[in-house]
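Below: work-v7.tsv (TSV, C-alpha atoms and all ligand atoms)
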```
chain	number	residue	atom	x	y	z
A	1453	MET	CA	129.60	34.63	-25.00
A	1454	THR	CA	126.15	35.90	-23.97
A	1455	ASP	CA	124.58	34.14	-21.02
A	1456	GLU	CA	120.88	35.06	-21.21
A	1457	ALA	CA	120.10	33.83	-17.68
A	1458	ASN	CA	122.98	35.84	-16.15
A	1459	PRO	CA	123.47	39.05	-18.12
A	1460	VAL	CA	126.21	41.48	-17.09
A	1461	ALA	CA	124.64	44.47	-18.83
A	1462	VAL	CA	120.94	45.18	-19.40
A	1463	ARG	CA	119.58	48.10	-21.41
A	1464	VAL	CA	115.99	49.25	-20.80
A	1465	ARG	CA	113.97	52.04	-22.41
A	1466	ALA	CA	111.05	53.72	-20.64
A	1467	PRO	CA	108.83	56.59	-21.85
A	1468	GLY	CA	107.93	59.99	-20.46
A	1469	LYS	CA	104.27	61.00	-20.37
A	1470	VAL	CA	101.78	63.76	-20.79
A	1471	ASN	CA	98.60	64.00	-18.70
A	1472	LEU	CA	95.68	64.45	-21.13
A	1473	GLN	CA	93.37	65.25	-18.24
A	1474	LEU	CA	94.39	65.74	-14.63
A	1475	ALA	CA	91.60	66.23	-12.09
A	1476	VAL	CA	92.89	66.92	-8.59
A	1477	GLY	CA	90.72	66.18	-5.54
A	1478	GLU	CA	91.26	66.98	-1.90
A	1479	LEU	CA	94.53	66.78	0.01
A	1480	GLN	CA	94.52	63.46	1.93
A	1481	GLU	CA	96.05	62.76	5.33
A	1482	ASP	CA	99.06	61.03	3.69
A	1483	GLY	CA	100.04	64.33	2.00
A	1484	TYR	CA	98.85	63.17	-1.45
A	1485	HIS	CA	95.83	64.38	-3.42
A	1486	GLU	CA	93.21	62.08	-4.79
A	1487	LEU	CA	93.51	62.13	-8.60
A	1488	ALA	CA	91.75	61.10	-11.74
A	1489	THR	CA	94.14	61.37	-14.65
A	1490	ALA	CA	94.71	60.04	-18.16
A	1491	PHE	CA	98.31	59.36	-19.12
A	1492	GLN	CA	99.67	59.04	-22.64
A	1493	ALA	CA	103.20	57.62	-22.97
A	1494	LEU	CA	105.32	59.73	-25.33
A	1495	SER	CA	108.24	58.97	-27.63
A	1496	LEU	CA	110.57	60.94	-25.35
A	1497	ILE	CA	112.57	58.08	-23.94
A	1498	GLU	CA	114.86	57.46	-20.99
A	1499	GLU	CA	117.41	54.69	-21.53
A	1500	ILE	CA	119.04	53.00	-18.57
A	1501	THR	CA	122.02	50.68	-18.91
A	1502	ALA	CA	122.52	48.57	-15.80
A	1503	THR	CA	125.95	46.94	-15.47
A	1504	SER	CA	127.18	44.57	-12.74
A	1505	ALA	CA	129.31	46.51	-10.24
A	1506	GLU	CA	130.26	46.85	-6.59
A	1507	GLY	CA	127.66	48.90	-4.69
A	1508	ILE	CA	125.17	51.20	-6.42
A	1509	SER	CA	126.44	54.09	-8.57
A	1510	LEU	CA	125.05	56.43	-11.24
A	1511	SER	CA	126.18	58.36	-14.29
A	1512	VAL	CA	124.02	60.60	-16.48
A	1513	SER	CA	124.11	61.73	-20.10
A	1514	GLY	CA	121.36	62.85	-22.46
A	1515	THR	CA	119.85	64.71	-25.36
A	1516	VAL	CA	118.34	67.19	-22.85
A	1517	ASP	CA	120.08	69.39	-20.27
A	1518	VAL	CA	121.14	67.02	-17.46
A	1519	ALA	CA	122.88	69.61	-15.25
A	1520	GLY	CA	120.34	69.38	-12.41
A	1521	VAL	CA	120.26	65.58	-12.13
A	1522	PRO	CA	121.55	64.30	-8.76
A	1523	LEU	CA	123.94	61.33	-8.74
A	1524	ASP	CA	123.30	60.28	-5.15
A	1525	GLU	CA	120.54	58.53	-3.19
A	1526	SER	CA	118.11	61.35	-3.92
A	1527	ASN	CA	117.94	60.11	-7.55
A	1528	LEU	CA	114.81	57.99	-8.03
A	1529	ALA	CA	116.77	55.42	-10.09
A	1530	TYR	CA	119.17	54.92	-7.18
A	1531	ARG	CA	116.20	54.50	-4.82
A	1532	ALA	CA	114.62	51.98	-7.21
A	1533	ALA	CA	117.76	49.79	-7.21
A	1534	LEU	CA	117.99	50.05	-3.42
A	1535	LEU	CA	114.31	49.16	-2.93
A	1536	LEU	CA	114.59	46.11	-5.19
A	1537	ARG	CA	117.66	44.95	-3.25
A	1538	GLU	CA	115.93	45.43	0.11
A	1539	ARG	CA	112.78	43.58	-0.93
A	1540	THR	CA	114.50	40.63	-2.60
A	1541	GLY	CA	117.49	40.26	-0.26
A	1542	VAL	CA	119.92	40.50	-3.20
A	1543	THR	CA	123.34	41.84	-2.27
A	1544	ASP	CA	124.70	42.42	-5.82
A	1545	GLY	CA	125.62	45.90	-6.97
A	1546	VAL	CA	124.89	47.85	-10.13
A	1547	HIS	CA	126.16	50.80	-12.10
A	1548	LEU	CA	123.29	52.68	-13.75
A	1549	ASN	CA	123.95	54.88	-16.75
A	1550	ILE	CA	120.95	57.09	-17.37
A	1551	HIS	CA	120.61	58.51	-20.87
A	1552	LYS	CA	117.91	61.14	-20.65
A	1553	GLY	CA	115.54	62.07	-23.45
A	1554	VAL	CA	112.81	63.54	-21.23
A	1555	PRO	CA	113.26	67.15	-20.04
A	1556	VAL	CA	114.45	67.26	-16.40
A	1557	ALA	CA	111.92	68.43	-13.74
A	1558	GLY	CA	109.50	69.27	-16.53
A	1559	GLY	CA	106.30	67.52	-15.44
A	1560	MET	CA	106.83	64.79	-18.04
A	1561	GLY	CA	107.74	61.90	-15.76
A	1562	GLY	CA	111.43	61.57	-16.67
A	1563	GLY	CA	112.53	60.66	-13.14
A	1564	SER	CA	109.63	58.23	-12.88
A	1565	ALA	CA	110.69	56.62	-16.17
A	1566	ASP	CA	114.22	56.21	-14.76
A	1567	ALA	CA	112.81	54.44	-11.71
A	1568	ALA	CA	110.60	52.15	-13.84
A	1569	ALA	CA	113.49	51.33	-16.20
A	1570	THR	CA	115.82	50.65	-13.26
A	1571	LEU	CA	113.37	48.20	-11.69
A	1572	VAL	CA	113.08	46.28	-14.97
A	1573	ALA	CA	116.85	46.39	-15.65
A	1574	CYS	CA	117.94	45.31	-12.16
A	1575	ASP	CA	115.27	42.60	-12.01
A	1576	ALA	CA	116.87	41.09	-15.14
A	1577	LEU	CA	120.49	41.78	-14.08
A	1578	TRP	CA	120.02	40.21	-10.64
A	1579	ALA	CA	117.66	37.47	-11.93
A	1580	THR	CA	115.09	38.33	-9.26
A	1581	ASN	CA	112.28	37.56	-11.75
A	1582	LEU	CA	109.50	39.57	-10.14
A	1583	SER	CA	106.00	39.37	-11.62
A	1584	SER	CA	104.48	42.49	-13.24
A	1585	ALA	CA	102.23	42.86	-10.19
A	1586	GLU	CA	105.25	42.82	-7.86
A	1587	LEU	CA	107.10	45.35	-10.02
A	1588	HIS	CA	103.97	47.56	-10.01
A	1589	THR	CA	103.86	47.47	-6.18
A	1590	LEU	CA	107.51	48.57	-5.90
A	1591	ALA	CA	106.95	51.20	-8.60
A	1592	ALA	CA	104.02	52.73	-6.68
A	1593	GLU	CA	106.18	52.99	-3.54
A	1594	LEU	CA	108.75	55.00	-5.48
A	1595	GLY	CA	106.32	57.60	-6.86
A	1596	ALA	CA	102.79	58.11	-8.11
A	1597	ASP	CA	103.81	58.21	-11.82
A	1598	VAL	CA	106.26	55.29	-11.79
A	1599	PRO	CA	103.70	52.49	-12.43
A	1600	PHE	CA	102.51	54.26	-15.58
A	1601	SER	CA	105.99	54.30	-17.08
A	1602	LEU	CA	106.13	50.51	-16.60
A	1603	HIS	CA	102.71	50.19	-18.23
A	1604	GLY	CA	102.95	52.68	-21.13
A	1605	GLY	CA	100.29	53.22	-23.80
A	1606	THR	CA	97.25	55.16	-22.59
A	1607	ALA	CA	95.84	54.63	-19.11
A	1608	MET	CA	93.58	56.12	-16.50
A	1609	GLY	CA	95.22	56.66	-13.11
A	1610	THR	CA	93.17	56.98	-9.92
A	1611	GLY	CA	94.09	57.06	-6.22
A	1612	ARG	CA	97.42	58.88	-6.18
A	1613	GLY	CA	97.54	58.30	-9.95
A	1614	ASP	CA	99.10	54.87	-9.43
A	1615	GLU	CA	95.98	52.69	-9.75
A	1616	LEU	CA	95.94	52.12	-13.49
A	1617	SER	CA	93.39	50.89	-15.98
A	1618	PRO	CA	94.13	50.83	-19.71
A	1619	MET	CA	92.16	53.17	-21.99
A	1620	LEU	CA	91.28	52.45	-25.60
A	1621	SER	CA	93.09	54.73	-28.01
A	1622	GLN	CA	93.42	54.64	-31.77
A	1623	GLY	CA	96.12	56.00	-34.04
A	1624	ARG	CA	98.85	58.42	-33.10
A	1625	PHE	CA	98.88	61.92	-31.64
A	1626	ASP	CA	101.60	64.46	-32.41
A	1627	TRP	CA	102.95	66.90	-29.84
A	1628	VAL	CA	105.45	69.71	-29.49
A	1629	LEU	CA	106.87	70.04	-25.98
A	1630	VAL	CA	108.25	73.42	-25.00
A	1631	THR	CA	110.63	73.20	-22.08
A	1632	ASN	CA	111.70	75.78	-19.56
A	1633	ASP	CA	115.19	76.39	-18.21
A	1634	GLU	CA	114.08	76.25	-14.62
A	1635	GLY	CA	112.14	73.20	-13.35
A	1636	LEU	CA	109.09	73.40	-11.08
A	1637	SER	CA	108.84	71.32	-7.92
A	1638	THR	CA	105.79	69.03	-7.95
A	1639	PRO	CA	104.96	69.44	-4.21
A	1640	ARG	CA	105.19	73.22	-4.64
A	1641	VAL	CA	102.65	73.20	-7.49
A	1642	TYR	CA	100.21	71.01	-5.53
A	1643	GLY	CA	100.71	73.34	-2.54
A	1644	GLU	CA	99.92	76.39	-4.70
A	1645	LEU	CA	96.71	74.70	-5.91
A	1646	ASP	CA	95.67	74.10	-2.27
A	1647	ALA	CA	96.37	77.77	-1.48
A	1648	ILE	CA	94.33	78.98	-4.50
A	1649	ARG	CA	91.42	76.73	-3.52
A	1650	GLN	CA	91.60	77.93	0.08
A	1651	ARG	CA	91.29	81.54	-1.06
A	1652	LEU	CA	88.35	80.74	-3.38
A	1653	ARG	CA	86.57	78.85	-0.61
A	1654	ALA	CA	86.86	81.81	1.75
A	1655	ASP	CA	84.55	83.66	-0.68
A	1656	LEU	CA	82.28	80.81	-1.66
A	1657	PRO	CA	82.06	77.61	0.41
A	1658	VAL	CA	81.97	74.60	-1.94
A	1659	VAL	CA	81.65	70.87	-1.45
A	1660	PRO	CA	84.67	69.39	-3.28
A	1661	ALA	CA	83.74	67.05	-6.12
A	1662	GLN	CA	85.23	63.57	-6.56
A	1663	PRO	CA	87.85	63.91	-9.33
A	1664	HIS	CA	86.80	62.23	-12.55
A	1665	LEU	CA	87.64	62.14	-16.27
A	1666	GLY	CA	85.24	63.62	-18.85
A	1667	ALA	CA	83.41	61.39	-21.35
A	1668	ASP	CA	84.71	63.67	-24.15
A	1669	LEU	CA	88.23	62.35	-23.54
A	1670	PHE	CA	87.24	58.69	-23.92
A	1671	HIS	CA	85.42	59.49	-27.19
A	1672	ALA	CA	88.33	61.49	-28.63
A	1673	LEU	CA	90.86	58.73	-27.90
A	1674	ARG	CA	88.64	55.94	-29.23
A	1675	ALA	CA	88.07	57.95	-32.42
A	1676	GLY	CA	91.82	58.79	-32.72
A	1677	ASP	CA	90.70	62.38	-33.34
A	1678	PRO	CA	93.25	65.08	-32.41
A	1679	VAL	CA	90.70	67.91	-32.83
A	1680	ARG	CA	88.37	66.32	-30.28
A	1681	LEU	CA	91.31	65.47	-28.02
A	1682	ALA	CA	92.41	69.13	-28.16
A	1683	ASP	CA	88.97	70.15	-26.82
A	1684	ALA	CA	89.16	67.52	-24.08
A	1685	LEU	CA	92.61	68.45	-22.68
A	1686	HIS	CA	92.36	69.68	-19.09
A	1687	ASN	CA	94.76	70.07	-16.18
A	1688	ASP	CA	93.67	71.24	-12.70
A	1689	LEU	CA	97.34	71.92	-11.86
A	1690	GLN	CA	97.59	74.43	-14.70
A	1691	ALA	CA	96.15	77.32	-12.65
A	1692	ALA	CA	98.77	76.66	-9.95
A	1693	ALA	CA	101.64	76.33	-12.44
A	1694	LEU	CA	100.56	79.58	-14.18
A	1695	SER	CA	100.28	81.34	-10.83
A	1696	LEU	CA	103.94	80.41	-10.12
A	1697	ARG	CA	105.08	80.99	-13.75
A	1698	PRO	CA	102.73	83.44	-15.52
A	1699	GLU	CA	104.98	83.39	-18.61
A	1700	LEU	CA	103.80	79.85	-19.44
A	1701	ALA	CA	100.46	81.33	-20.60
A	1702	VAL	CA	102.41	83.25	-23.26
A	1703	VAL	CA	103.94	79.99	-24.53
A	1704	ILE	CA	100.52	78.31	-24.78
A	1705	ASP	CA	99.04	81.29	-26.66
A	1706	LEU	CA	101.98	81.48	-29.05
A	1707	GLY	CA	101.83	77.73	-29.74
A	1708	VAL	CA	98.15	77.96	-30.67
A	1709	ARG	CA	98.76	81.05	-32.84
A	1710	GLU	CA	101.53	79.15	-34.63
A	1711	GLY	CA	99.17	76.30	-35.52
A	1712	ALA	CA	98.81	73.93	-32.55
A	1713	LEU	CA	95.26	72.70	-31.85
A	1714	ALA	CA	95.64	73.37	-28.12
A	1715	GLY	CA	98.24	73.79	-25.43
A	1716	ILE	CA	98.35	72.61	-21.85
A	1717	VAL	CA	100.80	72.60	-18.95
A	1718	SER	CA	102.17	69.06	-18.74
A	1719	GLY	CA	101.55	67.53	-15.29
A	1720	SER	CA	102.91	69.94	-12.68
A	1721	GLY	CA	104.86	71.85	-15.37
A	1722	PRO	CA	106.72	73.86	-16.41
A	1723	THR	CA	106.81	72.03	-19.79
A	1724	VAL	CA	104.01	73.13	-22.13
A	1725	ALA	CA	102.55	70.38	-24.32
A	1726	LEU	CA	101.13	71.56	-27.67
A	1727	LEU	CA	98.85	69.07	-29.41
A	1728	CYS	CA	99.07	69.27	-33.23
A	1729	ALA	CA	96.86	67.95	-36.02
A	1730	ASP	CA	99.56	65.66	-37.47
A	1731	ALA	CA	103.33	65.17	-37.78
A	1732	GLU	CA	103.64	67.83	-40.49
A	1733	SER	CA	101.88	70.45	-38.39
A	1734	ALA	CA	104.03	69.48	-35.37
A	1735	LEU	CA	107.16	70.12	-37.45
A	1736	GLU	CA	105.88	73.60	-38.41
A	1737	VAL	CA	104.99	74.45	-34.80
A	1738	HIS	CA	108.37	73.15	-33.62
A	1739	VAL	CA	110.19	75.34	-36.17
A	1740	SER	CA	108.13	78.42	-35.17
A	1741	MET	CA	108.69	77.91	-31.44
A	1742	THR	CA	112.42	77.44	-32.03
A	1743	ALA	CA	112.52	80.60	-34.15
A	1744	ALA	CA	110.80	82.46	-31.29
A	1745	GLY	CA	113.69	81.41	-29.02
A	1746	TYR	CA	112.06	78.50	-27.17
A	1747	ASN	CA	113.57	75.08	-26.59
A	1748	SER	CA	111.16	72.56	-28.07
A	1749	PHE	CA	110.96	68.84	-28.89
A	1750	ARG	CA	108.62	66.85	-31.08
A	1751	ALA	CA	107.09	63.63	-29.77
A	1752	HIS	CA	104.20	61.32	-30.50
A	1753	GLY	CA	102.12	58.97	-28.43
A	1754	PRO	CA	101.02	56.53	-27.30
A	1755	VAL	CA	104.16	54.34	-27.13
A	1756	ALA	CA	105.01	51.18	-25.14
A	1757	GLY	CA	106.05	51.10	-21.48
A	1758	ALA	CA	109.42	50.03	-19.99
A	1759	ARG	CA	111.07	47.37	-22.19
A	1760	ILE	CA	114.39	45.52	-22.23
A	1761	VAL	CA	116.18	46.35	-25.49
A	1762	SER	CA	119.29	44.25	-24.87
A	1763	ALA	CA	120.75	41.93	-22.24
A	1764	VAL	CA	124.30	40.68	-22.78
A	1801	LIG	O1	104.75	60.46	-5.88
A	1801	LIG	P1	105.66	61.58	-6.29
A	1801	LIG	O2	106.98	61.54	-5.59
A	1801	LIG	O3	105.77	61.75	-7.76
A	1801	LIG	O4	104.93	62.91	-5.76
A	1801	LIG	C1	105.64	64.09	-5.52
A	1801	LIG	C2	104.79	65.02	-4.67
A	1801	LIG	O5	103.67	65.48	-5.45
A	1801	LIG	C3	104.17	64.41	-3.42
A	1801	LIG	O6	105.06	64.46	-2.34
A	1801	LIG	C4	102.96	65.33	-3.21
A	1801	LIG	O7	103.35	66.54	-2.60
A	1801	LIG	C5	102.53	65.64	-4.64
A	1801	LIG	N1	101.47	64.72	-5.09
A	1801	LIG	C6	100.20	64.87	-4.55
A	1801	LIG	N2	99.20	64.03	-4.95
A	1801	LIG	C7	99.42	63.06	-5.88
A	1801	LIG	C8	100.71	62.91	-6.46
A	1801	LIG	C9	101.73	63.76	-6.03
A	1801	LIG	O8	99.96	65.76	-3.72
A	1801	LIG	N3	98.43	62.25	-6.22
```
Rewrite the coordinates I just gave you, this time as structure tokens.
Ligand code: C5P
Amino acid sequence: MTDEANPVAVRVRAPGKVNLQLAVGELQEDGYHELATAFQALSLIEEITATSAEGISLSVSGTVDVAGVPLDESNLAYRAALLLRERTGVTDGVHLNIHKGVPVAGGMGGGSADAAATLVACDALWATNLSSAELHTLAAELGADVPFSLHGGTAMGTGRGDELSPMLSQGRFDWVLVTNDEGLSTPRVYGELDAIRQRLRADLPVVPAQPHLGADLFHALRAGDPVRLADALHNDLQAAALSLRPELAVVIDLGVREGALAGIVSGSGPTVALLCADAESALEVHVSMTAAGYNSFRAHGPVAGARIVSAV
């Protein structure tokens, strides 16, 4: 019989994301950059099943290639379970099965979604009953993008990207995500951006601007207008990702030639996100990219944040 107060297995779904705008400020003393970003949660979903067990252990499956996913303490889901245990004094264990729907190391927040889903799942499994504010605090300690996966929808992120405020958005936006066999390390991409900026500054000293989002983005989202959103897409990390992987520019150009409204590197890459006019156009772009030999997925946004789908 199901005991709702003391479940033995909890299943949670959490979304990946695309950054609609990502403005990167200066490198801070803590090793992070000040950001202004707009996240949209996408229908590429990570599903975590947390089961009562001795100690903490992981297994991984998925609809994407999961070969590179670590099963030890370096996995963000493992660290999330450990952090929740440390902070609440719980001594119970958990087995976490991660079913991945977000491309691995693709700049789409899959690892962050695993961490967010694990916090929600273990909080229910261990009956620690943290408030959303407490979960948000733990999420931000695990990584800059983790709070957004808890939150979902559309949100502005400032600070490291973890200080969230919801943004108004109407309707649905359709995307094609083109993945890359080899992931890109986030710190490496930020480091490349710093190096590019250093070189530019040697020629022309500039006072760095405070990162901010453009008004065009707010208007496009409020209007639910993909054409205006396509014009508003911007990612400061794109120059760095293209410098490390020049071939990504070819993917963006091809996507637009095949009918996408615009293409952008997603977060720190290497996934390319192609915004399409509607679901029908996304299907055509997806078919063309597949025919050209690329691995691509369709998704739409915004969708909800981390949610329990069953607790038995
Ligand atoms: O917080 P998260 O683990 O996702 O960040 C990974 C790395 O990305 C950081 O160690 C840092 O090098 C870089 N980063 C940054 N500024 C941010 C977010 C991430 O420099 N606001």
Practice task
Within 12 Å of Glu1525 (chain A), counting only C-alpha atoms, which residues show up once you throw out same-chain ones fewer than 6 positions away? Write them as a PyMOL selection string, please.
Solution key: chain A and resi 1508-1510+1531-1535
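Of the listed residues A:Leu1629, A:Leu1616, A:Val1554, A:Ala1490, the one whose atoms come nearest to Leu1472 (chain A) is A:Ala1490, with distances taken using all atoms listed in the file.
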Exercise for the section: Throw together the list of residues within 7 Å of ligand LIG 1801 (chain A), counting only C-alpha atoms and all ligand atoms, and drop it here as a PyMOL selection string. Expected result: chain A and resi 1479+1483-1487+1594-1597+1611-1613+1638-1639+1642
Handout entry: Which residue of A:Leu1577, A:Ala1505, A:Ala1734, A:Val1476 approaches Asp1646 (chain A) most closely, using only C-alpha atoms
Key =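 Of all the options, A:Val1476 lies closest to Asp1646 (chain A).
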Considering all atoms listed in the file, give me a table of residues in region 1679-1721 of chain A that are at most 12 Å from region 1653-1675 of chain A, with the closest atom pair and distance in Å for each, as a Markdown table.
```
| residue | atom | partner | partner_atom | distance |
| --- | --- | --- | --- | --- |
| A:Val1679 | CA | A:Ala1672 | CA | 8.0 |
| A:Arg1680 | CA | A:Ala1672 | CA | 5.1 |
| A:Leu1681 | CA | A:Ala1672 | CA | 5.0 |
| A:Ala1682 | CA | A:Ala1672 | CA | 8.7 |
| A:Asp1683 | CA | A:Asp1668 | CA | 8.2 |
| A:Ala1684 | CA | A:Leu1669 | CA | 5.3 |
| A:Leu1685 | CA | A:Leu1669 | CA | 7.6 |
| A:His1686 | CA | A:Leu1665 | CA | 9.3 |
| A:Asn1687 | CA | A:Leu1665 | CA | 10.7 |
| A:Asp1688 | CA | A:Pro1663 | CA | 9.9 |
```
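Closest approach to Ala1647 (chain A) among A:Asn1747, A:Asn1471, A:Ser1695, A:Ser1513: A:Ser1695, based on all atoms listed in the file.
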Practice task
For Ala1701 (chain A), list every protein, DNA or RNA residue within 10 Å, evaluated using all atoms listed in the file, and leave out those in the same chain fewer than 3 positions away; present the list as an MDAnalysis selection string.
Solution key: chainID A and resid 1690:1691 1693:1695 1697:1698 1704:1707 1715:1717 1724
Practice task
Find the distance between CA of Ala1763 (chain A) and CA of Ile1550 (chain A) and write it in Å to one decimal.
Solution key: 15.9 Å
Completion exercise
Separating CA of Cys1574 (chain A) from CA of Ser1617 (chain A), to the nearest tenth of an Å, is a gap of 25.5 Å
Exercise for the section: In Å, rounded to a single decimal, give me how far CA of Thr1489 (chain A) is from CA of Met1608 (chain A). Expected result: 5.6 Å
Exercise for the section: Using all atoms listed in the file, find all polymer residues with an atom at most 10 Å away from the point (93.1, 55.2, -37.4); report them as a list in words. Expected result: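 The answer, in the requested form, is Ser1621, Gln1622, Gly1623, Arg1624, Arg1674, Ala1675, Gly1676 and Asp1677 of chain A.
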Selection export as a tab-separated table (two decimals), in the coordinates of the input, atoms kept: C-alpha atoms:
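Saved result, again03.tsv, follows:
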```tsv
chain	number	residue	atom	x	y	z
A	1621	SER	CA	93.09	54.73	-28.01
A	1622	GLN	CA	93.42	54.64	-31.77
A	1623	GLY	CA	96.12	56.00	-34.04
A	1624	ARG	CA	98.85	58.42	-33.10
A	1674	ARG	CA	88.64	55.94	-29.23
A	1675	ALA	CA	88.07	57.95	-32.42
A	1676	GLY	CA	91.82	58.79	-32.72
A	1677	ASP	CA	90.70	62.38	-33.34
```
Adding 3 Å on each side of the box along x, y and z that holds all listed atoms of region 1457-1473 of chain A, could you give its centre and edge lengths in Å to one decimal, as lines of an AutoDock Vina configuration file?
```
center_x = 109.8
center_y = 49.5
center_z = -19.3
size_x = 38.8
size_y = 37.4
size_z = 12.3
```
Problem - Pick from A:Lys1469, A:Arg1651, A:Arg1463, A:Arg1759 nearest to Met1560 (chain A), counting only C-alpha atoms - result: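 That would be A:Lys1469, the residue with the smallest distance to Met1560 (chain A).
Neighbours of Thr1515 (chain A) closer than or equal to 12 Å, with only C-alpha atoms counted and sequence neighbours fewer than 5 positions away skipped, come out as A:Leu1496, A:Ile1497, A:Glu1498, A:Glu1499, A:Ile1550, A:His1551, A:Lys1552, A:Gly1553, A:Val1554, A:Pro1555, A:Val1556, A:Phe1749.
Using only C-alpha atoms, the smallest distance between any of A:Thr1580, A:Ser1504, A:Ser1511, A:Thr1606 and Thr1540 (chain A) comes from A:Thr1580.
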Handout entry: Shell around Gly1604 (chain A) at 9 Å using all atoms listed in the file, local window under 5 positions removed, as a PyMOL selection string
Key = chain A and resi 1466-1469+1491-1494+1599+1754-1758
Practice task
Determine the nearest neighbour of Ala1576 (chain A) from the options A:Gly1562, A:Pro1678, A:Pro1459, A:Gly1507, counting only C-alpha atoms.
Solution key: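 The answer is A:Pro1459, which sits nearest to Ala1576 (chain A).
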Test item: which residues lie within 9 Å of (108.9, 42.6, -8.4) counting all atoms listed in the file, as a PDB file with C-alpha atoms, keeping the file's coordinate frame:
```
ATOM      1  CA  LEU A1536     114.590  46.110  -5.190  1.00  0.00           C
ATOM      2  CA  ARG A1539     112.780  43.580  -0.930  1.00  0.00           C
ATOM      3  CA  THR A1540     114.500  40.630  -2.600  1.00  0.00           C
ATOM      4  CA  LEU A1571     113.370  48.200 -11.690  1.00  0.00           C
ATOM      5  CA  VAL A1572     113.080  46.280 -14.970  1.00  0.00           C
ATOM      6  CA  ASP A1575     115.270  42.600 -12.010  1.00  0.00           C
ATOM      7  CA  THR A1580     115.090  38.330  -9.260  1.00  0.00           C
ATOM      8  CA  ASN A1581     112.280  37.560 -11.750  1.00  0.00           C
ATOM      9  CA  LEU A1582     109.500  39.570 -10.140  1.00  0.00           C
ATOM     10  CA  SER A1583     106.000  39.370 -11.620  1.00  0.00           C
ATOM     11  CA  SER A1584     104.480  42.490 -13.240  1.00  0.00           C
ATOM     12  CA  ALA A1585     102.230  42.860 -10.190  1.00  0.00           C
ATOM     13  CA  GLU A1586     105.250  42.820  -7.860  1.00  0.00           C
ATOM     14  CA  LEU A1587     107.100  45.350 -10.020  1.00  0.00           C
ATOM     15  CA  HIS A1588     103.970  47.560 -10.010  1.00  0.00           C
ATOM     16  CA  THR A1589     103.860  47.470  -6.180  1.00  0.00           C
ATOM     17  CA  LEU A1590     107.510  48.570  -5.900  1.00  0.00           C
ATOM     18  CA  ALA A1591     106.950  51.200  -8.600  1.00  0.00           C
TER      19      ALA A1591
END
```
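Summary of the local environment: counting all atoms listed in the file, residues at most 7 Å from Cys1728 (chain A), other than itself and those fewer than 2 positions away along its chain, are Asp1626, Trp1627, Ala1712, Leu1713, Leu1726, Asp1730, Ser1733 and Ala1734 of chain A.
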